[in-house]
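Trainee: Got target.csv for you, CSV, C-alpha atoms:
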```csv
chain,number,residue,atom,x,y,z
I,1,MET,CA,117.4,90.2,101.8
I,2,SER,CA,114.3,89.8,103.9
I,3,MET,CA,112.8,92.9,102.4
I,4,LEU,CA,113.5,91.5,98.9
I,5,TYR,CA,111.5,88.4,99.7
I,6,SER,CA,108.8,90.6,101.2
I,7,ASP,CA,108.6,92.7,98.1
I,8,ARG,CA,108.3,89.6,96.0
I,9,ASN,CA,105.6,88.2,98.2
I,10,GLN,CA,107.6,85.2,99.3
I,11,PRO,CA,106.7,84.9,103.0
I,12,ASP,CA,108.0,81.4,103.4
I,13,LYS,CA,111.5,82.3,102.2
I,14,GLU,CA,111.4,85.5,104.2
I,15,LYS,CA,110.4,83.6,107.4
I,16,ALA,CA,113.2,81.0,106.7
I,17,LEU,CA,115.8,83.8,106.3
I,18,LEU,CA,114.6,85.6,109.4
I,19,THR,CA,114.5,82.4,111.5
I,20,LYS,CA,118.1,81.6,110.4
I,21,GLN,CA,119.2,85.1,111.3
I,22,LEU,CA,117.5,84.7,114.7
I,23,ALA,CA,119.4,81.5,115.4
I,24,ILE,CA,122.6,83.6,115.0
I,25,THR,CA,121.4,86.7,116.9
I,26,PRO,CA,118.4,85.7,119.0
I,27,LYS,CA,118.1,89.1,120.8
I,28,ASP,CA,118.3,91.2,117.6
I,29,SER,CA,115.5,93.7,117.9
I,30,VAL,CA,115.0,94.3,114.1
I,31,THR,CA,115.0,90.6,113.3
I,32,ASN,CA,112.5,89.9,116.0
I,33,TYR,CA,110.3,92.8,114.9
I,34,LEU,CA,110.4,91.7,111.3
I,35,LEU,CA,109.5,88.1,112.1
I,36,ALA,CA,106.6,89.2,114.3
I,37,ASP,CA,105.4,91.6,111.6
I,38,LEU,CA,105.6,88.8,109.0
I,39,ILE,CA,103.6,86.4,111.1
I,40,ILE,CA,101.0,89.1,111.8
I,41,ARG,CA,100.7,90.0,108.1
I,42,GLY,CA,99.9,86.3,107.6
I,43,GLY,CA,96.5,86.9,109.3
I,44,VAL,CA,96.9,85.2,112.6
I,45,GLN,CA,94.3,85.7,115.3
I,46,PRO,CA,94.4,85.6,119.1
I,47,GLY,CA,94.3,82.1,120.4
I,48,GLN,CA,96.3,80.7,117.6
I,49,PRO,CA,99.8,79.5,118.5
I,50,ALA,CA,101.4,81.7,115.7
I,51,PHE,CA,99.8,84.7,117.4
I,52,GLN,CA,101.5,84.0,120.6
I,53,GLU,CA,104.7,83.3,118.7
I,54,ALA,CA,104.5,86.7,117.0
I,55,LYS,CA,103.8,88.4,120.4
I,56,GLY,CA,106.9,86.7,121.9
I,57,TYR,CA,109.1,87.9,119.0
I,58,LEU,CA,107.7,91.4,119.5
I,59,ALA,CA,108.2,91.3,123.3
I,60,THR,CA,111.9,90.3,122.6
I,61,SER,CA,112.2,93.2,120.2
I,62,LEU,CA,110.8,95.7,122.7
I,63,ALA,CA,112.9,94.3,125.5
I,64,THR,CA,116.1,95.0,123.5
I,65,LYS,CA,114.9,98.2,121.8
I,66,PRO,CA,112.0,99.8,123.7
I,67,ASP,CA,112.4,103.1,121.8
I,68,SER,CA,111.0,101.6,118.6
I,69,ALA,CA,107.8,103.4,117.9
I,70,GLU,CA,106.9,100.9,115.2
I,71,ALA,CA,107.2,98.0,117.6
I,72,GLN,CA,105.2,99.8,120.2
I,73,VAL,CA,102.4,100.4,117.6
I,74,LEU,CA,102.5,96.7,116.6
I,75,MET,CA,102.3,95.5,120.2
I,76,GLY,CA,99.4,97.9,120.7
I,77,HIS,CA,97.7,96.3,117.7
I,78,LEU,CA,98.2,92.8,119.1
I,79,LEU,CA,96.9,93.8,122.6
I,80,GLU,CA,93.9,95.5,121.0
I,81,GLN,CA,93.1,92.3,119.1
I,82,GLU,CA,93.2,90.4,122.4
I,83,ASN,CA,90.8,93.1,123.8
I,84,ASN,CA,93.4,94.3,126.2
I,85,ILE,CA,92.5,97.9,125.6
I,86,SER,CA,94.3,99.6,128.6
I,87,ASP,CA,97.6,98.0,127.8
I,88,ALA,CA,97.2,98.8,124.1
I,89,VAL,CA,96.6,102.5,124.9
I,90,GLY,CA,99.9,102.3,126.9
I,91,HIS,CA,101.9,101.1,124.0
I,92,TYR,CA,100.3,103.6,121.6
I,93,GLY,CA,101.1,106.3,124.2
I,94,LYS,CA,104.7,105.2,124.3
I,95,ALA,CA,104.9,105.3,120.5
I,96,ILE,CA,103.6,108.9,120.6
I,97,GLU,CA,106.2,109.8,123.2
I,98,LEU,CA,108.8,108.4,120.9
I,99,GLU,CA,107.3,109.9,117.7
I,100,PRO,CA,104.8,112.6,118.6
I,101,ASP,CA,103.5,112.8,115.0
I,102,ASN,CA,102.9,109.1,114.5
I,103,ARG,CA,99.5,109.0,112.8
I,104,SER,CA,98.9,105.3,113.4
I,105,ALA,CA,99.5,105.6,117.1
I,106,LEU,CA,97.5,108.8,117.4
I,107,ASP,CA,94.5,107.3,115.5
I,108,ARG,CA,94.4,104.1,117.5
I,109,GLN,CA,94.9,105.9,120.8
I,110,PHE,CA,92.0,108.3,120.0
I,111,ILE,CA,89.7,105.4,119.2
I,112,LEU,CA,90.6,103.4,122.2
I,113,LEU,CA,90.4,106.3,124.6
I,114,ARG,CA,86.9,107.0,123.3
I,115,ARG,CA,86.1,103.3,123.9
I,116,LEU,CA,87.3,103.6,127.5
I,117,HIS,CA,85.2,106.8,127.9
I,118,ARG,CA,88.4,108.8,128.6
I,119,ASN,CA,86.9,111.6,126.5
I,120,ASP,CA,89.1,114.5,127.7
I,121,GLU,CA,92.2,112.6,126.7
I,122,ALA,CA,90.6,111.4,123.5
I,123,ALA,CA,89.8,115.1,122.6
I,124,GLN,CA,93.4,116.1,123.2
I,125,THR,CA,94.6,113.2,121.1
I,126,LEU,CA,92.2,114.2,118.3
I,127,GLN,CA,93.4,117.8,118.4
I,128,HIS,CA,97.0,116.5,118.1
I,129,LEU,CA,96.1,114.2,115.2
I,130,LYS,CA,94.3,117.1,113.4
I,131,SER,CA,97.4,119.3,113.8
I,132,VAL,CA,99.6,116.5,112.4
I,133,LEU,CA,97.2,116.1,109.4
I,134,ASN,CA,97.0,119.8,108.8
I,135,ASN,CA,100.8,120.1,108.9
I,136,GLU,CA,101.1,117.3,106.4
I,137,ILE,CA,98.5,119.0,104.1
I,138,GLU,CA,100.5,122.2,104.3
I,139,GLN,CA,103.7,120.5,103.5
I,140,GLU,CA,102.1,118.8,100.5
I,141,ARG,CA,100.9,122.2,99.3
I,142,LYS,CA,104.4,123.6,99.6
I,143,SER,CA,106.0,120.7,97.9
I,144,PHE,CA,103.5,120.4,95.0
I,145,PRO,CA,101.9,123.9,94.5
I,146,ALA,CA,100.7,123.1,90.9
I,147,ARG,CA,98.8,120.0,92.2
I,148,THR,CA,97.1,121.7,95.1
I,149,SER,CA,96.4,125.2,93.7
I,150,ALA,CA,92.9,126.1,92.6
I,151,ALA,CA,92.1,126.0,88.8
I,152,PRO,CA,91.9,129.4,87.2
I,153,GLN,CA,88.5,130.9,86.8
I,154,GLY,CA,86.6,129.6,83.8
I,155,GLN,CA,88.5,126.3,83.6
I,156,PRO,CA,87.3,123.0,84.8
```
For this file, write the structure as structure tokens.

Mentor:
Amino acid sequence: MSMLYSDRNQPDKEKALLTKQLAITPKDSVTNYLLADLIIRGGVQPGQPAFQEAKGYLATSLATKPDSAEAQVLMGHLLEQENNISDAVGHYGKAIELEPDNRSALDRQFILLRRLHRNDEAAQTLQHLKSVLNNEIEQERKSFPARTSAAPQGQP
């Protein structure tokens, strides 16, 4: 039901539904994650009470389900916004351990490793990201050969 409200761009109804569900199952990892994501999508910034609220929901989600790559990436994003780069890299790294081909985590980890001047690690991450992207391109070519094949000679 929450996704239905999300699809219809009704964040207030979505938040009310998730909050009601959280009252019933306060440690539910999915509900906590969805509520944190909803608040973050609202454009909150570090220093705002809603930002800390979202971070708390996300921490609860990760405490009950630490193997959620999506939650790890989202926590990395929040920590990055707070300029806590080292901890953000840790969460992106955990997401990559869980889902080695997670492009969001690889991309952000590469950028932050460069910012921390950890260039060897950044280069390894970049190579992995390139490999993931090349694999996706190859899969796309196999799935849709007509769309990715070259036009015959003499045709535009």

Trainee: Which residue, I:Arg108, I:Arg114, I:His77, I:Lys27, has the smallest gap to Lys65 of chain I when you use all atoms listed in the file?

Mentor: I:Lys27

Trainee: Between segment 3-40 of chain I and segment 48-58 of chain I, at 9 Å or less, what are the per-residue closest atom pairs and their distances in Å? Count all atoms listed in the file, order by chain and rising residue number, and return it as CSV.

Mentor:
```
residue,atom,partner,partner_atom,distance
I:Ser29,CA,I:Leu58,CA,8.3
I:Thr31,CA,I:Tyr57,CA,8.6
I:Asn32,CA,I:Tyr57,CA,5.0
I:Tyr33,CA,I:Leu58,CA,5.5
I:Leu34,CA,I:Leu58,CA,8.6
I:Leu35,CA,I:Tyr57,CA,6.9
I:Ala36,CA,I:Ala54,CA,4.2
I:Asp37,CA,I:Ala54,CA,7.3
I:Leu38,CA,I:Ala54,CA,8.3
I:Ile39,CA,I:Ala54,CA,6.0
I:Ile40,CA,I:Ala54,CA,6.7
```

Trainee: So which residues touch Glu99 of chain I within 12 Å, counting only C-alpha atoms, skipping near sequence neighbours fewer than 4 positions away, as a tab-separated table (two decimals) with C-alpha atoms, in the coordinates of the input?

Mentor:
```tsv
chain	number	residue	atom	x	y	z
I	67	ASP	CA	112.40	103.10	121.80
I	68	SER	CA	111.00	101.60	118.60
I	69	ALA	CA	107.80	103.40	117.90
I	70	GLU	CA	106.90	100.90	115.20
I	71	ALA	CA	107.20	98.00	117.60
I	72	GLN	CA	105.20	99.80	120.20
I	73	VAL	CA	102.40	100.40	117.60
I	92	TYR	CA	100.30	103.60	121.60
I	93	GLY	CA	101.10	106.30	124.20
I	94	LYS	CA	104.70	105.20	124.30
I	95	ALA	CA	104.90	105.30	120.50
I	103	ARG	CA	99.50	109.00	112.80
I	104	SER	CA	98.90	105.30	113.40
I	105	ALA	CA	99.50	105.60	117.10
I	106	LEU	CA	97.50	108.80	117.40
I	132	VAL	CA	99.60	116.50	112.40
```

Trainee: Given all atoms listed in the file as the basis, pick out the residue of I:Ser61, I:Gln109, I:Ser86, I:Gln21 nearest to Leu126 of chain I.

Mentor: I:Gln109

Trainee: Extract, using only C-alpha atoms, all DNA, RNA and protein residues at most 7 Å from Gly76 of chain I, discarding same-chain residues fewer than 5 positions from it, and format them as a ChimeraX atom specification.

Mentor: /I:88-89,91-92

Trainee: List as a list in words the protein and nucleic acid residues near Ala16 of chain I, meaning an atom at most 12 Å away when all atoms listed in the file are counted, but skip any in the same chain fewer than 2 places from it.

Mentor: Met1, Ser2, Tyr5, Ser6, Gln10, Pro11, Asp12, Lys13, Glu14, Leu18, Thr19, Lys20, Gln21, Leu22, Ala23, Thr31, Leu34, Leu35, Leu38 and Ile39 of chain I

Trainee: Could you please determine the separation between atom CA of Leu116 of chain I and atom CA of Leu78 of chain I in Å, to one decimal place?

Mentor: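 So the answer is 17.5 Å.
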
Trainee: Using atom CA of Ala122 of chain I and atom CA of Ile137 of chain I as the two end points, give the distance in Å to one decimal.

Mentor: 22.3 Å

Trainee: Quick check, in Å to one decimal: how far apart do atom CA of Lys15 of chain I and atom CA of Gly90 of chain I lie?

Mentor: 29.0 Å

Trainee: Could you rebuild segment 29-63 of chain I with N, CA and C atoms and give it back as a PDB file, in the coordinates of the input?

Mentor:
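To be explicit, this is the file written out as result_2.pdb:
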```
ATOM      1  N   SER I  29     116.777  93.100 117.836  1.00  0.00           N
ATOM      2  CA  SER I  29     115.500  93.700 117.900  1.00  0.00           C
ATOM      3  C   SER I  29     114.812  93.816 116.484  1.00  0.00           C
ATOM      4  N   VAL I  30     115.607  94.124 115.476  1.00  0.00           N
ATOM      5  CA  VAL I  30     115.000  94.300 114.100  1.00  0.00           C
ATOM      6  C   VAL I  30     114.557  92.928 113.590  1.00  0.00           C
ATOM      7  N   THR I  31     115.361  91.895 113.749  1.00  0.00           N
ATOM      8  CA  THR I  31     115.000  90.600 113.300  1.00  0.00           C
ATOM      9  C   THR I  31     113.711  90.078 113.963  1.00  0.00           C
ATOM     10  N   ASN I  32     113.662  90.255 115.276  1.00  0.00           N
ATOM     11  CA  ASN I  32     112.500  89.900 116.000  1.00  0.00           C
ATOM     12  C   ASN I  32     111.245  90.641 115.582  1.00  0.00           C
ATOM     13  N   TYR I  33     111.412  91.943 115.375  1.00  0.00           N
ATOM     14  CA  TYR I  33     110.300  92.800 114.900  1.00  0.00           C
ATOM     15  C   TYR I  33     109.815  92.305 113.530  1.00  0.00           C
ATOM     16  N   LEU I  34     110.759  92.114 112.615  1.00  0.00           N
ATOM     17  CA  LEU I  34     110.400  91.700 111.300  1.00  0.00           C
ATOM     18  C   LEU I  34     109.682  90.356 111.232  1.00  0.00           C
ATOM     19  N   LEU I  35     110.148  89.437 112.078  1.00  0.00           N
ATOM     20  CA  LEU I  35     109.500  88.100 112.100  1.00  0.00           C
ATOM     21  C   LEU I  35     108.097  88.225 112.711  1.00  0.00           C
ATOM     22  N   ALA I  36     107.946  89.028 113.759  1.00  0.00           N
ATOM     23  CA  ALA I  36     106.600  89.200 114.300  1.00  0.00           C
ATOM     24  C   ALA I  36     105.684  89.866 113.287  1.00  0.00           C
ATOM     25  N   ASP I  37     106.176  90.873 112.601  1.00  0.00           N
ATOM     26  CA  ASP I  37     105.400  91.600 111.600  1.00  0.00           C
ATOM     27  C   ASP I  37     104.977  90.598 110.456  1.00  0.00           C
ATOM     28  N   LEU I  38     105.912  89.767 110.038  1.00  0.00           N
ATOM     29  CA  LEU I  38     105.600  88.800 109.000  1.00  0.00           C
ATOM     30  C   LEU I  38     104.514  87.833 109.392  1.00  0.00           C
ATOM     31  N   ILE I  39     104.596  87.337 110.607  1.00  0.00           N
ATOM     32  CA  ILE I  39     103.600  86.400 111.100  1.00  0.00           C
ATOM     33  C   ILE I  39     102.216  87.094 111.190  1.00  0.00           C
ATOM     34  N   ILE I  40     102.214  88.317 111.675  1.00  0.00           N
ATOM     35  CA  ILE I  40     101.000  89.100 111.800  1.00  0.00           C
ATOM     36  C   ILE I  40     100.347  89.358 110.452  1.00  0.00           C
ATOM     37  N   ARG I  41     101.179  89.726 109.490  1.00  0.00           N
ATOM     38  CA  ARG I  41     100.700  90.000 108.100  1.00  0.00           C
ATOM     39  C   ARG I  41     100.071  88.724 107.523  1.00  0.00           C
ATOM     40  N   GLY I  42     100.427  87.572 108.064  1.00  0.00           N
ATOM     41  CA  GLY I  42      99.900  86.300 107.600  1.00  0.00           C
ATOM     42  C   GLY I  42      98.411  86.112 108.034  1.00  0.00           C
ATOM     43  N   GLY I  43      97.907  87.000 108.875  1.00  0.00           N
ATOM     44  CA  GLY I  43      96.500  86.900 109.300  1.00  0.00           C
ATOM     45  C   GLY I  43      96.203  86.128 110.505  1.00  0.00           C
ATOM     46  N   VAL I  44      97.185  85.941 111.377  1.00  0.00           N
ATOM     47  CA  VAL I  44      96.900  85.200 112.600  1.00  0.00           C
ATOM     48  C   VAL I  44      95.975  85.911 113.511  1.00  0.00           C
ATOM     49  N   GLN I  45      95.275  85.145 114.333  1.00  0.00           N
ATOM     50  CA  GLN I  45      94.300  85.700 115.300  1.00  0.00           C
ATOM     51  C   GLN I  45      94.636  85.275 116.679  1.00  0.00           C
ATOM     52  N   PRO I  46      94.163  86.043 117.677  1.00  0.00           N
ATOM     53  CA  PRO I  46      94.400  85.600 119.100  1.00  0.00           C
ATOM     54  C   PRO I  46      93.884  84.224 119.298  1.00  0.00           C
ATOM     55  N   GLY I  47      94.609  83.505 120.109  1.00  0.00           N
ATOM     56  CA  GLY I  47      94.300  82.100 120.400  1.00  0.00           C
ATOM     57  C   GLY I  47      95.016  81.123 119.534  1.00  0.00           C
ATOM     58  N   GLN I  48      95.544  81.582 118.419  1.00  0.00           N
ATOM     59  CA  GLN I  48      96.300  80.700 117.600  1.00  0.00           C
ATOM     60  C   GLN I  48      97.783  80.696 118.074  1.00  0.00           C
ATOM     61  N   PRO I  49      98.456  79.546 118.004  1.00  0.00           N
ATOM     62  CA  PRO I  49      99.800  79.500 118.500  1.00  0.00           C
ATOM     63  C   PRO I  49     100.751  80.503 117.751  1.00  0.00           C
ATOM     64  N   ALA I  50     100.522  80.737 116.477  1.00  0.00           N
ATOM     65  CA  ALA I  50     101.400  81.700 115.700  1.00  0.00           C
ATOM     66  C   ALA I  50     101.182  83.114 116.270  1.00  0.00           C
ATOM     67  N   PHE I  51     100.000  83.419 116.794  1.00  0.00           N
ATOM     68  CA  PHE I  51      99.800  84.700 117.400  1.00  0.00           C
ATOM     69  C   PHE I  51     100.660  84.933 118.591  1.00  0.00           C
ATOM     70  N   GLN I  52     100.689  83.919 119.456  1.00  0.00           N
ATOM     71  CA  GLN I  52     101.500  84.000 120.600  1.00  0.00           C
ATOM     72  C   GLN I  52     103.020  84.022 120.254  1.00  0.00           C
ATOM     73  N   GLU I  53     103.359  83.297 119.210  1.00  0.00           N
ATOM     74  CA  GLU I  53     104.700  83.300 118.700  1.00  0.00           C
ATOM     75  C   GLU I  53     105.117  84.717 118.261  1.00  0.00           C
ATOM     76  N   ALA I  54     104.245  85.349 117.514  1.00  0.00           N
ATOM     77  CA  ALA I  54     104.500  86.700 117.000  1.00  0.00           C
ATOM     78  C   ALA I  54     104.625  87.667 118.231  1.00  0.00           C
ATOM     79  N   LYS I  55     103.753  87.503 119.197  1.00  0.00           N
ATOM     80  CA  LYS I  55     103.800  88.400 120.400  1.00  0.00           C
ATOM     81  C   LYS I  55     105.094  88.174 121.155  1.00  0.00           C
ATOM     82  N   GLY I  56     105.587  86.941 121.203  1.00  0.00           N
ATOM     83  CA  GLY I  56     106.900  86.700 121.900  1.00  0.00           C
ATOM     84  C   GLY I  56     108.031  87.334 121.134  1.00  0.00           C
ATOM     85  N   TYR I  57     108.046  87.238 119.806  1.00  0.00           N
ATOM     86  CA  TYR I  57     109.100  87.900 119.000  1.00  0.00           C
ATOM     87  C   TYR I  57     109.046  89.416 119.263  1.00  0.00           C
ATOM     88  N   LEU I  58     107.849  89.948 119.291  1.00  0.00           N
ATOM     89  CA  LEU I  58     107.700  91.400 119.500  1.00  0.00           C
ATOM     90  C   LEU I  58     108.123  91.806 120.887  1.00  0.00           C
ATOM     91  N   ALA I  59     107.807  90.992 121.879  1.00  0.00           N
ATOM     92  CA  ALA I  59     108.200  91.300 123.300  1.00  0.00           C
ATOM     93  C   ALA I  59     109.757  91.295 123.346  1.00  0.00           C
ATOM     94  N   THR I  60     110.413  90.359 122.668  1.00  0.00           N
ATOM     95  CA  THR I  60     111.900  90.300 122.600  1.00  0.00           C
ATOM     96  C   THR I  60     112.417  91.584 121.966  1.00  0.00           C
ATOM     97  N   SER I  61     111.806  91.975 120.871  1.00  0.00           N
ATOM     98  CA  SER I  61     112.200  93.200 120.200  1.00  0.00           C
ATOM     99  C   SER I  61     112.116  94.402 121.074  1.00  0.00           C
ATOM    100  N   LEU I  62     110.995  94.522 121.780  1.00  0.00           N
ATOM    101  CA  LEU I  62     110.800  95.700 122.700  1.00  0.00           C
ATOM    102  C   LEU I  62     111.706  95.626 123.888  1.00  0.00           C
ATOM    103  N   ALA I  63     112.031  94.425 124.355  1.00  0.00           N
ATOM    104  CA  ALA I  63     112.900  94.300 125.500  1.00  0.00           C
ATOM    105  C   ALA I  63     114.331  94.816 125.147  1.00  0.00           C
TER     106      ALA I  63
END
```
